[in-house]
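Below: the structure, in structure tokens.
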Amino acid sequence: MLYVTLFIFGLFTGSFINLIADRLVSSESFLFGRSHCDFCKHKLSIKDLLPIISFGLLKGRCRYCNEKLSIYYPLSEFLTGMAFFGIAYYLKFETFPTWQLPMWLRFIYLLVITSMFIIILLTDAKYRIIPDKVLIPAVVLTLGYLVFVNAYYLTNLRSFLANDKFGVFMLQVGYFTDQLVTVLKNIGTLLLSSLAISLFFLFLIFITKGRGMGYGDVKLGFLIGLFNGFPHNLLAIFLGFLVGSVYSLFLIAMGKKSMKDTIPFGPFLITGSFITFFAGEFILNWYLNIF
């Protein structure tokens with residue numbers, strides 16, 4: 001029931017996320033004002049806002065003007081519901097009574113950052129825009145989370161060592177200092193790898209004269225680099241390119257796109273990031289075991 005509850009919570013969150021994505025582009029407030037049909041502007045009632053169910057019962061059409069509704073409505077709801085379910089399963093949410101502060105913060109952080117990723121996915125897929133109003137706060141949130149988690153670990157480690165007889169000896173021989181240096185090196189590697197991803201995207205913009213991707217992708221690459229961590233962030237970018245290439249070839253084979261056409265790249269980067277988050281360790285181990 002815990003997982004079902006989180007899935008349902010994700011469905012409703014996904015509905016709100018789609019509203020945010022649309023209103024960020026239209027500059028309409030998403031905090032105030034009732035939801036309305038994009039075509040006839042008729043205000044929607046509660047029975048029109050049930051995630052997935054309302055869309056299915058109305059056969060994908062507005063109740064009031066009968067215009068066909070975007071498939072992004074149920075898609076964003078289902079995607080967010082599955083993402084919340086996946087995060088809970090990944091963290092073994094049934095053990096939450098034993099969780100301490102870092103675990104609770106990780107859970108909340110993952111729900112929030114996932115929601116922000118899905119907003120970016122929707123705005124880029126629908127409008128080819130990666131909004132700084134979401135992207136920059138997501139970068140700040142991720143950096144803040146990383147700093148807090150590492151600071152919490154180092155503070156607790158020093159406190160434990162200082163209150164333990166053997167720990168006092170470990171302090172004297174420099175164990176804590178070694179741990180501090182290791183944490184700083186890891187953070188430095190993470191920042192450098194994330195910056196390298198952004199610089200690589202800038203290089204692609206330069207050689208394609210802006211036809212391959214936009215500057216929003218550069219900043220999104222930095223965020224994905226921070227979120228997935230090194231070396232998983234490199235895998236996330238590779239999978240993003242791979243999924244995007246397969247999808248593009250499929251569209252070309254179906255005659256819906258030509259070699260000269262472009263598609264929004266952000267959704268594929270985010271897809272690669274999600275795949276890496278849930279299965280990155282397995283994929284890397286599988287790859288390394290080949291050799």
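In the structure tokens, each chain is lettered A, B, ... as it comes, each chain's residues begin at 1, and ligands are numbered from 1 in order of appearance.
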
Shell of 8 Å around Glu281 of chain A, only C-alpha atoms, local chain residues under 4 positions omitted, as a PyMOL selection string = chain A and resi 232+276+285

Near-Phe238 of chain A list (12 Å; only C-alpha atoms; drop same-chain fewer than 2 positions) as a PyMOL selection string = chain A and resi 197+221+224-225+231-236+240-245+268-273+275-276+280+283-284

Residue set, segment 9-234 of chain A restricted to alpha helix (DSSP H), as a PyMOL selection string | chain A and resi 9-26+53-57+72-90+101-127+132-162+165-172+175-208+215-228+232-234

Near Pro264 of chain A, within 12 Å and counting only C-alpha atoms, which residues show up once chain neighbours fewer than 3 positions away are dropped, as a ChimeraX atom specification?
-> /A:120-130,211-214,216-217,240-241,244-245,247-248,261,267-270

So, counting only C-alpha atoms, which residue among A:Tyr153, A:Ser193, A:Leu226, A:Phe78 is closest to Ala138 of chain A?
->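 Closest residue, counting only C-alpha atoms: A:Leu226.
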
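Look at Tyr175 of chain A: the protein and nucleic acid residues within 12 Å of it, using only C-alpha atoms and passing over chain neighbours fewer than 4 places away, are A:Leu154, A:Leu157, A:Arg158, A:Leu161, A:Ala162, A:Phe166, A:Gly167, A:Val168, A:Phe169, A:Met170, A:Leu171, A:Gln179, A:Leu180, A:Val181, A:Thr182.
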
Who sits within 7 Å of segment 44-61 of chain A, only C-alpha atoms, same chain under 5 positions skipped, as an mmCIF file with C-alpha atoms, in the first residue's frame:
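For reference, out-v2.cif as written:
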```cif
data_model
loop_
_atom_site.group_PDB
_atom_site.id
_atom_site.type_symbol
_atom_site.label_atom_id
_atom_site.label_comp_id
_atom_site.auth_asym_id
_atom_site.auth_seq_id
_atom_site.Cartn_x
_atom_site.Cartn_y
_atom_site.Cartn_z
ATOM 1 C CA LEU A 11 -0.063 10.735 -10.674
ATOM 2 C CA PHE A 12 -1.498 13.894 -9.092
ATOM 3 C CA SER A 15 -0.879 16.509 -13.432
ATOM 4 C CA SER A 35 -7.158 24.817 -14.566
ATOM 5 C CA HIS A 36 -8.895 25.348 -17.899
ATOM 6 C CA CYS A 37 -9.122 23.841 -21.367
ATOM 7 C CA ASN A 66 -14.737 18.297 -27.816
ATOM 8 C CA GLU A 67 -11.256 19.312 -29.005
ATOM 9 C CA LYS A 68 -8.620 16.582 -28.884
ATOM 10 C CA LEU A 69 -6.398 16.883 -25.804
ATOM 11 C CA PRO A 74 -1.732 11.279 -19.206
ATOM 12 C CA GLU A 77 0.937 11.761 -14.939
#
```

Shell of 7 Å around Gly14 of chain A, only C-alpha atoms, local chain residues under 3 positions omitted, as a list in words = Gly10, Leu11, Ile17, Asn18, Ser76, Glu77, Thr80 and Gly81 of chain A

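For the pair atom CA of Phe277 of chain A and atom CA of Phe200 of chain A, the interatomic distance is 21.5 Å.
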
Counting only C-alpha atoms, which of A:Trp104, A:Phe291, A:Phe9, A:Phe227 gets nearest to Phe117 of chain A?
->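 Of the candidates, the smallest distance to Phe117 of chain A is held by A:Phe227.
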
Minimum-distance residue to Phe222 of chain A, chosen among A:Leu143, A:Val246, A:Leu6, A:Val183 (using only C-alpha atoms) =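 Comparing A:Leu143, A:Val246, A:Leu6, A:Val183 against Phe222 of chain A, the winner is A:Leu143.
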
Which is closer to Tyr73 of chain A than all the others in A:Ile187, A:Ile20, A:Cys40, A:Ala196, using only C-alpha atoms?
->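 Result for the nearest residue to Tyr73 of chain A: A:Ile20.
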
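The residue that comes closest to Asp38 of chain A, out of A:Leu24, A:Cys62, A:Leu239, A:Ala253 and on the basis of only C-alpha atoms, is A:Cys62.
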
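The residue that comes closest to Leu135 of chain A, out of A:Leu249, A:Gly266, A:Leu111, A:Asn228 and on the basis of only C-alpha atoms, is A:Gly266.
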
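For the pair atom CA of Ser70 of chain A and atom CA of Ile252 of chain A, the interatomic distance is 23.0 Å.
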
Two-atom distance - atom CA of Met116 of chain A, atom CA of Val139 of chain A (Å) | 10.3 Å
